[in-house]
$ cat work.cif   # mmCIF, C-alpha atoms
data_model
#
loop_
_atom_site.label_atom_id
_atom_site.label_comp_id
_atom_site.auth_asym_id
_atom_site.auth_seq_id
_atom_site.Cartn_x
_atom_site.Cartn_y
_atom_site.Cartn_z
CA MET A 21 -21.98 20.25 7.70
CA ASP A 22 -20.76 20.52 4.12
CA LYS A 23 -24.15 21.52 2.77
CA GLY A 24 -23.36 25.22 2.47
CA LEU A 25 -20.06 24.68 0.66
CA PRO A 26 -19.64 24.66 -3.12
CA ILE A 27 -19.83 21.23 -4.70
CA HIS A 28 -16.70 21.62 -6.79
CA TYR A 29 -13.63 23.10 -5.14
CA SER A 30 -10.84 24.74 -7.08
CA ASP A 31 -7.34 23.38 -6.48
CA GLN A 32 -6.60 26.33 -4.21
CA GLU A 33 -9.77 25.65 -2.19
CA ILE A 34 -8.74 22.02 -1.80
CA ILE A 35 -5.34 23.13 -0.50
CA ASP A 36 -6.95 25.61 1.90
CA HIS A 37 -9.39 23.05 3.33
CA LEU A 38 -6.61 20.51 3.84
CA ARG A 39 -4.39 23.09 5.53
CA GLU A 40 -7.11 24.43 7.76
CA ASN A 41 -8.53 21.06 8.78
CA ASP A 42 -12.02 22.46 8.43
CA PRO A 43 -15.28 20.60 7.71
CA GLY A 44 -14.57 20.69 3.96
CA ARG A 45 -11.55 18.46 4.41
CA ARG A 46 -13.11 15.13 3.58
CA ARG A 47 -14.78 16.48 0.47
CA SER A 48 -11.46 18.05 -0.55
CA GLU A 49 -9.69 14.70 -0.18
CA ASP A 50 -12.31 12.99 -2.34
CA GLN A 51 -12.24 15.73 -4.96
CA LEU A 52 -8.46 15.68 -5.11
CA PHE A 53 -8.58 11.93 -5.68
CA SER A 54 -11.31 12.11 -8.34
CA ARG A 55 -9.96 15.15 -10.18
CA TYR A 56 -6.74 13.50 -11.30
CA SER A 57 -7.82 9.85 -11.22
CA TYR A 58 -7.16 9.75 -14.97
CA PHE A 59 -3.48 9.43 -13.96
CA ILE A 60 -4.33 5.77 -13.24
CA ARG A 61 -4.93 5.22 -16.95
CA GLU A 62 -1.63 6.95 -17.71
CA GLY A 63 0.12 4.64 -15.27
CA MET A 64 -1.32 1.71 -17.17
CA THR A 65 -0.41 2.99 -20.64
CA LYS A 66 2.88 4.81 -20.03
CA HIS A 67 4.32 2.53 -17.34
CA ALA A 68 2.58 -0.71 -18.37
CA LEU A 69 1.24 -1.23 -14.84
CA SER A 70 -1.80 -3.36 -14.10
CA GLU A 71 -4.93 -1.42 -13.15
CA ASP A 72 -4.55 -2.60 -9.55
CA ASP A 73 -0.94 -1.42 -9.35
CA ALA A 74 -1.72 1.89 -11.04
CA PHE A 75 -4.65 2.47 -8.68
CA SER A 76 -2.49 1.62 -5.70
CA ALA A 77 0.30 3.99 -6.86
CA TYR A 78 -2.22 6.78 -7.44
CA SER A 79 -4.04 6.24 -4.16
CA ASP A 80 -0.69 6.27 -2.29
CA SER A 81 0.27 9.46 -4.14
CA VAL A 82 -2.95 11.22 -3.11
CA LEU A 83 -2.47 10.15 0.53
CA SER A 84 1.08 11.40 0.44
CA ALA A 85 0.03 14.71 -1.13
CA ILE A 86 -2.72 15.16 1.49
CA GLU A 87 -0.18 14.62 4.25
CA LYS A 88 2.31 17.07 2.72
CA ILE A 89 -0.35 19.71 2.16
CA SER A 90 -1.75 19.30 5.68
CA ASN A 91 1.61 19.63 7.39
CA ARG A 92 2.54 22.46 5.01
CA SER A 93 5.54 20.71 3.46
CA PHE A 94 3.86 21.53 0.14
CA GLU A 95 4.55 25.21 -0.30
CA GLY A 96 2.60 25.78 -3.49
CA ARG A 97 5.62 26.39 -5.70
CA SER A 98 4.10 24.18 -8.39
CA SER A 99 0.48 23.56 -9.29
CA LEU A 100 -1.34 20.84 -7.40
CA LYS A 101 -1.58 18.77 -10.58
CA THR A 102 2.17 18.98 -11.27
CA TYR A 103 2.96 18.17 -7.64
CA LEU A 104 0.66 15.15 -7.56
CA PHE A 105 1.87 13.92 -10.93
CA GLN A 106 5.49 14.07 -9.78
CA ILE A 107 4.69 11.95 -6.73
CA PHE A 108 2.67 9.54 -8.86
CA HIS A 109 5.42 9.24 -11.46
CA ASN A 110 7.98 8.41 -8.76
CA LYS A 111 5.70 5.79 -7.24
CA CYS A 112 5.16 4.17 -10.64
CA VAL A 113 8.91 4.06 -11.24
CA ASP A 114 9.39 2.53 -7.79
CA LEU A 115 6.84 -0.14 -8.63
CA ILE A 116 8.51 -0.90 -11.93
CA ARG A 117 11.93 -1.16 -10.35
CA LYS A 118 10.32 -3.43 -7.79
CA LYS A 119 12.06 -1.54 -5.05
CA THR A 120 8.82 -1.11 -3.19
CA THR A 121 8.21 -4.64 -2.02
CA ASN A 122 6.40 -3.36 1.03
CA LYS A 123 4.75 -0.06 0.23
CA GLY A 124 3.43 0.43 3.75
CA SER A 125 6.82 0.22 5.31
CA VAL A 126 8.37 2.64 2.81
CA HIS A 127 5.65 5.23 3.39
CA ARG A 128 5.97 4.62 7.13
CA THR A 129 9.72 5.17 7.10
CA ALA A 130 9.30 8.41 5.17
CA SER A 131 6.72 9.78 7.62
CA ILE A 132 8.71 8.92 10.70
CA THR A 133 11.86 10.37 9.15
CA ASP A 134 9.91 13.60 8.63
CA MET A 135 9.08 13.67 12.33
CA LEU A 136 12.76 13.37 13.19
CA ALA A 137 13.86 15.95 10.65
CA GLN A 138 15.43 18.31 13.15
CA VAL A 139 17.54 15.87 15.15
CA SER A 140 21.01 14.64 14.20
CA ASP A 141 21.62 11.52 12.10
CA SER A 142 22.93 9.57 15.10
CA ALA A 143 19.77 10.26 17.14
CA LYS A 144 17.63 9.53 14.09
CA SER A 145 19.36 6.20 13.61
CA VAL A 146 18.74 5.20 17.26
CA ILE A 147 15.01 5.86 16.91
CA GLN A 148 14.78 4.31 13.46
CA LYS A 149 16.27 1.05 14.75
CA LEU A 150 13.73 0.97 17.58
CA VAL A 151 10.84 1.79 15.21
CA ASP A 152 11.96 -1.03 12.90
CA LYS A 153 11.32 -3.46 15.75
CA THR A 154 7.68 -2.39 16.01
CA ASP A 155 5.16 -5.19 15.64
CA TRP A 156 2.78 -3.19 13.42
CA SER A 157 -0.01 -5.73 13.24
CA MET A 158 -0.02 -6.06 17.03
CA LEU A 159 0.03 -2.29 17.50
CA LYS A 160 -2.93 -1.88 15.13
CA GLU A 161 -4.78 -4.68 16.88
CA ARG A 162 -4.25 -2.95 20.23
CA LEU A 163 -5.34 0.32 18.67
CA ASN A 164 -8.57 -1.28 17.53
CA GLY A 165 -9.13 -2.41 21.09
CA LEU A 166 -8.96 1.13 22.46
CA GLY A 167 -12.58 2.10 21.91
CA ASP A 168 -14.20 4.52 19.48
CA SER A 169 -13.61 7.78 21.33
CA CYS A 170 -9.87 7.18 21.75
CA ARG A 171 -9.53 6.05 18.14
CA GLN A 172 -11.36 9.11 16.88
CA LEU A 173 -9.27 11.40 19.04
CA LEU A 174 -5.99 9.81 18.00
CA GLY A 175 -7.14 9.69 14.36
CA LEU A 176 -7.47 13.46 14.24
CA TRP A 177 -4.19 13.94 16.12
CA ALA A 178 -2.35 11.73 13.62
CA GLU A 179 -3.78 13.83 10.81
CA SER A 180 -2.10 16.91 12.32
CA TYR A 181 -5.23 18.47 13.82
CA SER A 182 -4.33 20.73 16.75
CA ASP A 183 -5.91 20.13 20.15
CA LYS A 184 -7.91 23.32 19.66
CA GLU A 185 -9.31 22.06 16.35
CA ILE A 186 -10.10 18.67 17.88
CA ALA A 187 -11.91 20.37 20.76
CA ALA A 188 -14.11 22.26 18.30
CA LEU A 189 -14.81 19.20 16.15
CA LEU A 190 -15.48 16.70 18.92
CA ARG A 191 -17.09 19.21 21.32
CA TYR A 192 -14.56 19.01 24.12
CA LYS A 193 -14.64 21.92 26.55
CA THR A 194 -11.07 23.08 25.97
CA ALA A 195 -7.89 22.14 24.12
CA ASP A 196 -6.34 21.19 27.47
CA VAL A 197 -9.06 18.57 28.03
CA VAL A 198 -8.29 17.19 24.58
CA LYS A 199 -4.60 17.00 25.40
CA THR A 200 -5.20 15.18 28.69
CA SER A 201 -7.59 12.70 27.05
CA ARG A 202 -5.25 12.19 24.12
CA LEU A 203 -2.24 11.46 26.33
CA ARG A 204 -4.40 9.11 28.40
CA CYS A 205 -5.33 7.22 25.22
CA LEU A 206 -1.69 7.04 24.14
CA GLU A 207 -0.67 5.77 27.57
CA LYS A 208 -3.41 3.13 27.43
CA LEU A 209 -2.22 2.06 23.98
CA ARG A 210 1.36 1.88 25.26
CA GLN A 211 0.35 -0.33 28.17
CA LEU A 212 -1.76 -2.64 25.98
CA TYR A 213 1.10 -2.96 23.49
CA LYS A 214 3.73 -3.60 26.17
CA GLN A 215 1.62 -6.33 27.73
CA THR A 216 2.31 -8.46 24.65
CA MET B 16 6.75 16.00 33.63
CA ASP B 17 6.75 12.39 32.38
CA SER B 18 8.38 11.31 29.12
CA LEU B 19 5.15 11.03 27.16
CA GLU B 20 4.10 14.57 27.99
CA TYR B 21 7.60 15.88 27.30
CA ILE B 22 7.64 14.18 23.88
CA ASP B 23 4.16 15.42 23.08
CA ASN B 24 5.04 18.99 24.04
CA TYR B 25 8.10 18.79 21.82
CA TYR B 26 5.98 17.88 18.81
CA GLN B 27 3.02 20.10 19.56
CA GLY B 28 4.67 23.47 19.98
CA PRO B 29 7.42 25.54 18.40
CA ARG B 30 10.85 24.45 19.60
CA SER B 31 14.02 26.43 20.07
CA PRO B 32 17.44 25.10 18.97
CA GLU B 33 18.27 24.57 22.64
CA GLU B 34 15.13 22.45 23.17
CA THR B 35 16.01 20.38 20.10
CA ARG B 36 19.55 19.88 21.43
CA GLN B 37 18.24 18.68 24.81
CA PHE B 38 15.72 16.41 23.10
CA GLU B 39 18.47 14.89 20.97
CA GLN B 40 20.71 14.45 23.99
CA ARG B 41 18.02 12.46 25.79
CA ILE B 42 17.58 10.18 22.77
CA LEU B 43 21.28 9.40 22.79
CA GLU B 44 21.73 9.05 26.54
CA ASP B 45 18.47 7.65 27.85
CA ALA B 46 17.53 4.28 26.34
CA VAL B 47 14.12 4.19 28.05
CA PHE B 48 13.30 7.64 26.71
CA ALA B 49 14.36 6.58 23.20
CA GLN B 50 11.98 3.62 23.44
CA GLU B 51 9.15 5.88 24.58
CA LEU B 52 9.77 8.20 21.65
CA ALA B 53 9.90 5.31 19.16
CA LEU B 54 6.58 4.01 20.47
CA TYR B 55 5.05 7.51 20.34
CA LEU B 56 6.05 7.84 16.68
CA SER B 57 5.01 4.28 15.85
CA SER B 58 1.63 4.87 17.50
CA MET B 59 1.07 8.01 15.47
CA GLN B 60 2.03 6.14 12.32
CA ALA B 61 -0.18 3.15 13.15
CA VAL B 62 -3.15 5.50 13.65
CA ARG B 63 -2.29 7.24 10.38
CA ASP B 64 -2.02 3.87 8.58
CA LEU B 65 -5.49 2.86 9.80
CA GLY B 66 -6.90 6.19 8.65
CA ASN B 67 -5.18 5.81 5.30
CA GLU B 68 -6.60 2.33 4.87
CA LYS B 69 -10.10 3.77 5.35
CA LYS B 70 -9.37 6.57 2.89
CA GLU B 71 -8.01 4.10 0.36
CA ASN B 72 -11.25 2.11 0.60
CA ARG B 73 -13.18 5.33 0.04
CA PHE B 74 -10.99 6.15 -2.97
CA ARG B 75 -11.61 2.66 -4.34
CA GLU B 76 -15.38 3.28 -4.16
CA LEU B 77 -14.99 6.65 -5.86
CA TYR B 78 -12.87 5.12 -8.59
CA ASP B 79 -15.33 2.29 -9.18
CA GLN B 80 -18.16 4.84 -9.42
CA THR B 81 -16.20 6.90 -11.94
CA ARG B 82 -15.63 3.84 -14.04
CA THR B 83 -19.34 3.04 -13.98
CA VAL B 84 -20.24 6.60 -15.03
CA GLY B 85 -17.57 6.42 -17.75
CA ALA B 86 -19.07 3.15 -18.91
CA GLY B 87 -22.47 4.91 -19.13
CA LYS B 88 -21.06 7.52 -21.48
CA ILE B 89 -19.47 4.84 -23.58
CA ARG B 90 -22.83 3.06 -23.84
CA LYS B 91 -24.14 5.97 -25.94
CA LEU B 92 -21.40 5.39 -28.45
CA TRP B 93 -21.97 1.68 -28.59
CA PRO B 94 -22.88 1.32 -32.28
CA MET B 95 -19.57 2.82 -33.39
CA ILE B 96 -17.61 1.03 -30.71
CA ALA B 97 -19.23 -2.27 -31.57
CA ALA B 98 -18.38 -1.87 -35.25
CA ALA B 99 -14.79 -0.98 -34.43
CA ALA B 100 -14.56 -3.86 -31.98
CA VAL B 101 -15.77 -6.35 -34.56
CA LEU B 102 -13.20 -5.11 -37.03
CA ILE B 103 -10.43 -5.28 -34.46
CA ALA B 104 -11.56 -8.71 -33.34
CA ILE B 105 -11.40 -10.02 -36.91
CA VAL B 106 -7.90 -8.63 -37.39
CA ALA B 107 -6.82 -9.92 -33.99
CA ALA B 108 -8.30 -13.34 -34.70
CA ILE B 109 -6.39 -13.57 -37.95
CA TRP B 110 -3.04 -12.26 -36.76
CA MET B 111 -2.79 -12.75 -33.06
CA PHE B 112 -5.17 -15.22 -31.52
CA PRO B 113 -3.51 -18.45 -32.55
CA ARG B 114 -0.22 -17.29 -31.02
CA THR B 115 -1.51 -15.76 -27.75
CA GLY B 116 -3.91 -18.69 -27.44
CA ASP B 117 -0.95 -21.04 -27.65
CA ARG B 118 0.80 -19.21 -24.81
CA LYS B 119 -2.29 -19.36 -22.64
CA GLN B 120 -2.51 -23.05 -23.41
CA LEU B 121 1.15 -23.56 -22.49
CA ALA B 122 0.50 -21.83 -19.18
CA ASP B 123 -2.61 -23.93 -18.55
CA GLU B 124 -0.72 -27.13 -19.27
CA TYR B 125 2.01 -26.12 -16.83
CA ILE B 126 -0.49 -25.12 -14.12
CA ASN B 127 -2.46 -28.35 -14.53
CA ARG B 128 0.72 -30.37 -14.39
CA GLU B 129 2.67 -28.58 -11.63
CA PHE B 130 0.06 -26.87 -9.46
CA THR B 131 -2.33 -29.80 -8.93
CA THR B 132 -1.16 -30.38 -5.39
CA LEU B 133 1.28 -28.69 -3.04
CA ASP B 134 3.91 -30.55 -1.10
CA VAL B 135 2.95 -31.29 2.48
CA THR B 136 5.58 -30.08 4.91
CA MET B 137 6.85 -32.53 7.47
CA GLY B 138 6.53 -31.97 11.19
CA LYS B 139 3.79 -31.10 13.59
CA GLN B 140 0.39 -29.92 12.39
CA ASP B 141 0.76 -26.18 11.84
CA SER B 142 -1.06 -23.46 9.95
CA MET B 143 1.02 -24.10 6.80
CA GLN B 144 -0.03 -27.74 6.78
CA VAL B 145 -3.66 -26.74 7.23
CA ALA B 146 -3.40 -24.32 4.29
CA VAL B 147 -1.69 -26.92 2.07
CA ALA B 148 -4.35 -29.49 2.97
CA LEU B 149 -7.10 -27.03 2.00
CA TYR B 150 -5.34 -26.42 -1.32
CA ASN B 151 -4.98 -30.12 -2.02
CA GLU B 152 -8.71 -30.54 -1.32
CA GLN B 153 -9.21 -27.80 -3.96
CA ARG B 154 -10.71 -25.44 -1.36
CA PHE B 155 -8.70 -22.60 -2.85
CA SER B 156 -10.48 -19.60 -1.28
CA ALA B 157 -10.06 -21.02 2.21
CA ALA B 158 -6.46 -21.97 1.43
CA LEU B 159 -5.65 -18.44 0.25
CA LEU B 160 -7.11 -16.93 3.42
CA GLN B 161 -4.94 -19.28 5.45
CA PHE B 162 -1.76 -18.44 3.49
CA GLU B 163 -2.53 -14.74 3.81
CA SER B 164 -3.00 -15.14 7.54
CA ILE B 165 0.44 -16.79 7.76
CA LEU B 166 1.92 -13.90 5.77
CA ARG B 167 0.36 -11.33 8.06
CA SER B 168 2.19 -12.77 11.03
CA ASP B 169 5.36 -13.62 9.11
CA THR B 170 5.87 -11.41 6.05
CA SER B 171 9.14 -13.14 5.18
CA ASN B 172 7.67 -16.64 4.90
CA THR B 173 8.70 -17.47 1.35
CA MET B 174 6.83 -20.77 1.21
CA ALA B 175 3.61 -18.99 2.17
CA LEU B 176 4.33 -16.37 -0.51
CA GLU B 177 4.87 -18.98 -3.22
CA ASN B 178 1.83 -21.00 -2.18
CA ALA B 179 -0.38 -17.89 -1.91
CA GLY B 180 0.63 -17.00 -5.47
CA LYS B 181 -0.13 -20.49 -6.76
CA THR B 182 -3.50 -20.48 -4.98
CA ALA B 183 -4.34 -17.07 -6.44
CA ILE B 184 -3.60 -18.48 -9.91
CA ARG B 185 -5.99 -21.35 -9.27
CA LEU B 186 -8.59 -18.76 -8.26
CA ARG B 187 -7.79 -16.79 -11.43
CA ALA B 188 -6.88 -13.80 -9.26
CA TYR B 189 -3.93 -13.01 -11.50
CA ASP B 190 -3.19 -9.50 -10.18
CA LYS B 191 -2.91 -10.91 -6.70
CA ALA B 192 -0.75 -13.80 -7.89
CA LEU B 193 1.61 -11.34 -9.57
CA THR B 194 1.93 -9.37 -6.35
CA TYR B 195 2.91 -12.46 -4.37
CA PHE B 196 5.37 -13.72 -6.98
CA ARG B 197 6.92 -10.27 -7.25
CA ARG B 198 7.47 -10.25 -3.50
CA LEU B 199 8.92 -13.75 -3.76
CA GLU B 200 11.30 -12.67 -6.52
CA ASN B 201 12.65 -9.94 -4.29
CA LYS B 202 13.58 -12.35 -1.50
CA PRO B 203 17.34 -12.80 -1.69
CA HIS B 204 19.47 -15.81 -0.74
CA LEU B 205 16.88 -18.51 -1.43
CA TYR B 206 18.01 -21.97 -2.44
CA ALA B 207 15.46 -21.85 -5.28
CA ASN B 208 13.44 -18.83 -6.34
CA TYR B 209 10.83 -19.24 -9.05
CA GLY B 210 9.39 -15.76 -8.43
CA LEU B 211 10.21 -14.34 -11.86
CA PHE B 212 9.29 -17.53 -13.70
CA TYR B 213 5.89 -17.69 -12.01
CA GLN B 214 5.26 -14.04 -12.88
CA ALA B 215 5.89 -14.86 -16.55
CA LEU B 216 3.57 -17.86 -16.22
CA THR B 217 0.84 -15.70 -14.65
CA LEU B 218 1.11 -13.09 -17.39
CA MET B 219 0.89 -15.79 -20.09
CA ARG B 220 -2.22 -17.19 -18.40
CA ARG B 221 -3.81 -13.78 -17.79
CA ASN B 222 -3.20 -12.83 -21.41
CA LEU B 223 -4.20 -9.16 -21.27
CA PRO B 224 -2.87 -6.72 -23.89
CA GLY B 225 0.83 -6.23 -23.25
CA ASP B 226 1.15 -9.30 -21.01
CA ASP B 227 2.85 -11.36 -23.72
CA VAL B 228 5.56 -8.71 -24.22
CA GLN B 229 6.25 -8.55 -20.49
CA ALA B 230 6.19 -12.33 -20.12
CA LYS B 231 8.64 -12.75 -22.99
CA ARG B 232 11.00 -10.20 -21.47
CA MET B 233 10.91 -12.10 -18.17
CA LEU B 234 11.52 -15.47 -19.82
CA GLN B 235 14.48 -14.00 -21.69
CA GLU B 236 15.86 -12.67 -18.40
CA ILE B 237 15.46 -16.12 -16.79
CA VAL B 238 17.36 -17.77 -19.65
CA GLY B 239 19.97 -15.00 -19.85
CA LYS B 240 20.72 -15.02 -16.14
CA ASP B 241 20.33 -18.78 -15.69
CA LEU B 242 17.54 -18.39 -13.11
CA ASP B 243 15.19 -21.05 -11.77
CA GLY B 244 12.72 -22.23 -14.39
CA LYS B 245 15.26 -21.81 -17.21
CA ALA B 246 14.48 -25.11 -18.98
CA ASP B 247 10.74 -24.41 -19.28
CA ALA B 248 11.42 -20.76 -20.14
CA GLN B 249 13.71 -21.80 -23.00
CA GLN B 250 11.12 -24.28 -24.32
CA TRP B 251 8.40 -21.65 -24.29
CA LEU B 252 10.61 -19.06 -25.98
CA ASN B 253 11.33 -21.55 -28.76
CA LYS B 254 7.59 -21.76 -29.43
CA TRP B 255 7.00 -17.99 -29.10
#
$ encode --input "work.cif" --output "structure tokens"
Amino acid sequence: MDKGLPIHYSDQEIIDHLRENDPGRRRSEDQLFSRYSYFIREGMTKHALSEDDAFSAYSDSVLSAIEKISNRSFEGRSSLKTYLFQIFHNKCVDLIRKKTTNKGSVHRTASITDMLAQVSDSAKSVIQKLVDKTDWSMLKERLNGLGDSCRQLLGLWAESYSDKEIAALLRYKTADVVKTSRLRCLEKLRQLYKQT
Amino acid sequence: MDSLEYIDNYYQGPRSPEETRQFEQRILEDAVFAQELALYLSSMQAVRDLGNEKKENRFRELYDQTRTVGAGKIRKLWPMIAAAAVLIAIVAAIWMFPRTGDRKQLADEYINREFTTLDVTMGKQDSMQVAVALYNEQRFSAALLQFESILRSDTSNTMALENAGKTAIRLRAYDKALTYFRRLENKPHLYANYGLFYQALTLMRRNLPGDDVQAKRMLQEIVGKDLDGKADAQQWLNKW
């Protein structure tokens, strides 16, 4: 599907593909990662991180940038390079201060907090406490047991694809069919998880 | 409309201030609804995490490819690089090697003395005992898998963390060992915590450029703050 697209995207093209969730998305993600992967070296020299740690900080930064661009939290006020470098720098500092003992959970908390951005602190705190009790490994195990079609459907949903976009990509008849199937998958996941 | 659909509608479409207020009200007043919402958000995050894990693997492949290509370019410059390397090696051998070699040797002596076997925990046969037995039979790869499995189900198991780090050292997987010992160091309220000391030990054994500086800083912190491992740290600093 990507055959007709240019091999090298400009930064603006990368942003556009990530925002539009079009077929160039995957290539954009890869190009974003590769374009500034020399930051890893900088993490090693400037922050004295091991290559593994610097890679991990950079990889996390790219994932975070992709998420922010996709959900339009990144408004383009700075260049993509500056934006990514700022995230990377913060992650390196976190690593050095050893605050980030569990990177996954920190990233997780940030994402879920974003989803609750509009509600009051008291409501946020209620949900946060419940989310903290989640058995993540069990939930992922149950997710793996859902079957390919559900996983694919939920995968696109979690990446902020709209039902209309999912319908076009996965050849569903309408966005409503996607929604019904998606909610059915979520309900199935809920039941599998609650059985434990 | 059931809760799941209501929650999904809230996140899928534009919402008015009134809708947000009602949504918030339900969170605060309806415990079952709050649980449904938490699971909805956790599910989305779990799916996202799985997707991110796949992307991270893809990024790792891309990075490894870049390094290989970079190495290809460097190959063309090999005569100059080789000459420079020889010169640097001679200087390093004269000025540095005896000292860094000593530190590596100190670390080796400690590892051979203290990490030969792990203590067997008392009680019924459990996964920790199995892992320790594998370690003591010098089946380090299998032991590490077992310790990692324990950590997956119980991330706060400090004994598994310490033992996983020691096993990684025996496997010469120093980056991994550092990660485990760093996590151990950050566990508060332990009767004994050798996390920082073992990190210094790992760095001395790994002996990459810059490791000695970091290791020394850690040993000084151990002595300065009277942390576990102080006696050995002081001895090593005296020989630094």
$ closest_residue --input "work.cif" --among "A:Lys193, A:His37, A:Lys160, A:Lys184" --to "chain B" --atoms "only C-alpha atoms"
A:Lys160
$ residues_around --input "work.cif" --residues "Gln172 in chain A" --least-positions-apart "2" --cutoff "10 Å" --atoms "all atoms listed in the file" --output "JSON, numbers by chain"
{"A": [167, 168, 169, 170, 174, 175, 176, 177, 178, 186, 190, 202], "B": [62, 66]}
$ write_last_selection --input "work.cif" --atoms "C-alpha atoms" --output "compact mmCIF listing (two decimals), in the frame of the given file"
# COMPACT_ATOMS: atom_id res chain seq x y z
CA GLY A 167 -12.58 2.10 21.91
CA ASP A 168 -14.20 4.52 19.48
CA SER A 169 -13.61 7.78 21.33
CA CYS A 170 -9.87 7.18 21.75
CA LEU A 174 -5.99 9.81 18.00
CA GLY A 175 -7.14 9.69 14.36
CA LEU A 176 -7.47 13.46 14.24
CA TRP A 177 -4.19 13.94 16.12
CA ALA A 178 -2.35 11.73 13.62
CA ILE A 186 -10.10 18.67 17.88
CA LEU A 190 -15.48 16.70 18.92
CA ARG A 202 -5.25 12.19 24.12
CA VAL B 62 -3.15 5.50 13.65
CA GLY B 66 -6.90 6.19 8.65
$ resolve_selection --input "work.cif" --expression "the PyMOL selection byres ((chain B and resi 242) around 12)" --output "compact mmCIF listing (two decimals) with C-alpha atoms, in the coordinates of the input"
# COMPACT_ATOMS: atom_id res chain seq x y z
CA GLU B 200 11.30 -12.67 -6.52
CA LEU B 205 16.88 -18.51 -1.43
CA TYR B 206 18.01 -21.97 -2.44
CA ALA B 207 15.46 -21.85 -5.28
CA ASN B 208 13.44 -18.83 -6.34
CA TYR B 209 10.83 -19.24 -9.05
CA GLY B 210 9.39 -15.76 -8.43
CA LEU B 211 10.21 -14.34 -11.86
CA PHE B 212 9.29 -17.53 -13.70
CA TYR B 213 5.89 -17.69 -12.01
CA MET B 233 10.91 -12.10 -18.17
CA LEU B 234 11.52 -15.47 -19.82
CA GLN B 235 14.48 -14.00 -21.69
CA GLU B 236 15.86 -12.67 -18.40
CA ILE B 237 15.46 -16.12 -16.79
CA VAL B 238 17.36 -17.77 -19.65
CA GLY B 239 19.97 -15.00 -19.85
CA LYS B 240 20.72 -15.02 -16.14
CA ASP B 241 20.33 -18.78 -15.69
CA ASP B 243 15.19 -21.05 -11.77
CA GLY B 244 12.72 -22.23 -14.39
CA LYS B 245 15.26 -21.81 -17.21
CA ALA B 246 14.48 -25.11 -18.98
CA ASP B 247 10.74 -24.41 -19.28
CA ALA B 248 11.42 -20.76 -20.14
CA GLN B 249 13.71 -21.80 -23.00
$ resolve_selection --input "work.cif" --expression "the PyMOL selection byres ((chain B) within 9 of (chain A))" --output "tab-separated table (two decimals) with C-alpha atoms, keeping the file's coordinate frame"
chain	number	residue	atom	x	y	z
B	19	LEU	CA	5.15	11.03	27.16
B	20	GLU	CA	4.10	14.57	27.99
B	23	ASP	CA	4.16	15.42	23.08
B	26	TYR	CA	5.98	17.88	18.81
B	27	GLN	CA	3.02	20.10	19.56
B	35	THR	CA	16.01	20.38	20.10
B	36	ARG	CA	19.55	19.88	21.43
B	38	PHE	CA	15.72	16.41	23.10
B	39	GLU	CA	18.47	14.89	20.97
B	40	GLN	CA	20.71	14.45	23.99
B	42	ILE	CA	17.58	10.18	22.77
B	43	LEU	CA	21.28	9.40	22.79
B	49	ALA	CA	14.36	6.58	23.20
B	50	GLN	CA	11.98	3.62	23.44
B	51	GLU	CA	9.15	5.88	24.58
B	52	LEU	CA	9.77	8.20	21.65
B	53	ALA	CA	9.90	5.31	19.16
B	54	LEU	CA	6.58	4.01	20.47
B	55	TYR	CA	5.05	7.51	20.34
B	56	LEU	CA	6.05	7.84	16.68
B	57	SER	CA	5.01	4.28	15.85
B	58	SER	CA	1.63	4.87	17.50
B	59	MET	CA	1.07	8.01	15.47
B	60	GLN	CA	2.03	6.14	12.32
B	61	ALA	CA	-0.18	3.15	13.15
B	62	VAL	CA	-3.15	5.50	13.65
B	63	ARG	CA	-2.29	7.24	10.38
B	64	ASP	CA	-2.02	3.87	8.58
B	65	LEU	CA	-5.49	2.86	9.80
B	66	GLY	CA	-6.90	6.19	8.65
B	67	ASN	CA	-5.18	5.81	5.30
B	70	LYS	CA	-9.37	6.57	2.89
B	71	GLU	CA	-8.01	4.10	0.36
B	73	ARG	CA	-13.18	5.33	0.04
B	74	PHE	CA	-10.99	6.15	-2.97
B	75	ARG	CA	-11.61	2.66	-4.34
B	77	LEU	CA	-14.99	6.65	-5.86
B	78	TYR	CA	-12.87	5.12	-8.59
B	81	THR	CA	-16.20	6.90	-11.94
B	167	ARG	CA	0.36	-11.33	8.06
B	168	SER	CA	2.19	-12.77	11.03
B	190	ASP	CA	-3.19	-9.50	-10.18
B	191	LYS	CA	-2.91	-10.91	-6.70
B	194	THR	CA	1.93	-9.37	-6.35
B	197	ARG	CA	6.92	-10.27	-7.25
B	198	ARG	CA	7.47	-10.25	-3.50
B	201	ASN	CA	12.65	-9.94	-4.29
B	225	GLY	CA	0.83	-6.23	-23.25
B	229	GLN	CA	6.25	-8.55	-20.49
$ closest_residue --input "work.cif" --among "A:Ala77, A:Ile86, A:Ile116, A:Val198" --to "Leu38 in chain A" --atoms "only C-alpha atoms"
A:Ile86
$ atom_distance --input "work.cif" --atom1 "CA of Arg41 in chain B" --atom2 "CA of Lys88 in chain A"
28.3 Å
$ atom_distance --input "work.cif" --atom1 "CA of Arg220 in chain B" --atom2 "CA of Thr182 in chain B"
13.9 Å
$ atom_distance --input "work.cif" --atom1 "CA of Leu115 in chain A" --atom2 "CA of Ala74 in chain A"
9.1 Å
$ resolve_selection --input "work.cif" --expression "the PyMOL selection byres ((chain B and resi 186) around 12)" --output "list in words"
Ile126, Phe130, Tyr150, Gln153, Arg154, Phe155, Ser156, Ala157, Ala158, Leu159, Leu160, Ala179, Gly180, Lys181, Thr182, Ala183, Ile184, Arg185, Arg187, Ala188, Tyr189, Asp190, Lys191, Ala192, Thr217 and Arg221 of chain B
$ residues_around --input "work.cif" --residues "Lys231 in chain B" --least-positions-apart "6" --cutoff "10 Å" --atoms "all atoms listed in the file" --output "number ranges by chain"
B: 215-216, 218-219, 237, 248, 251-252, 255
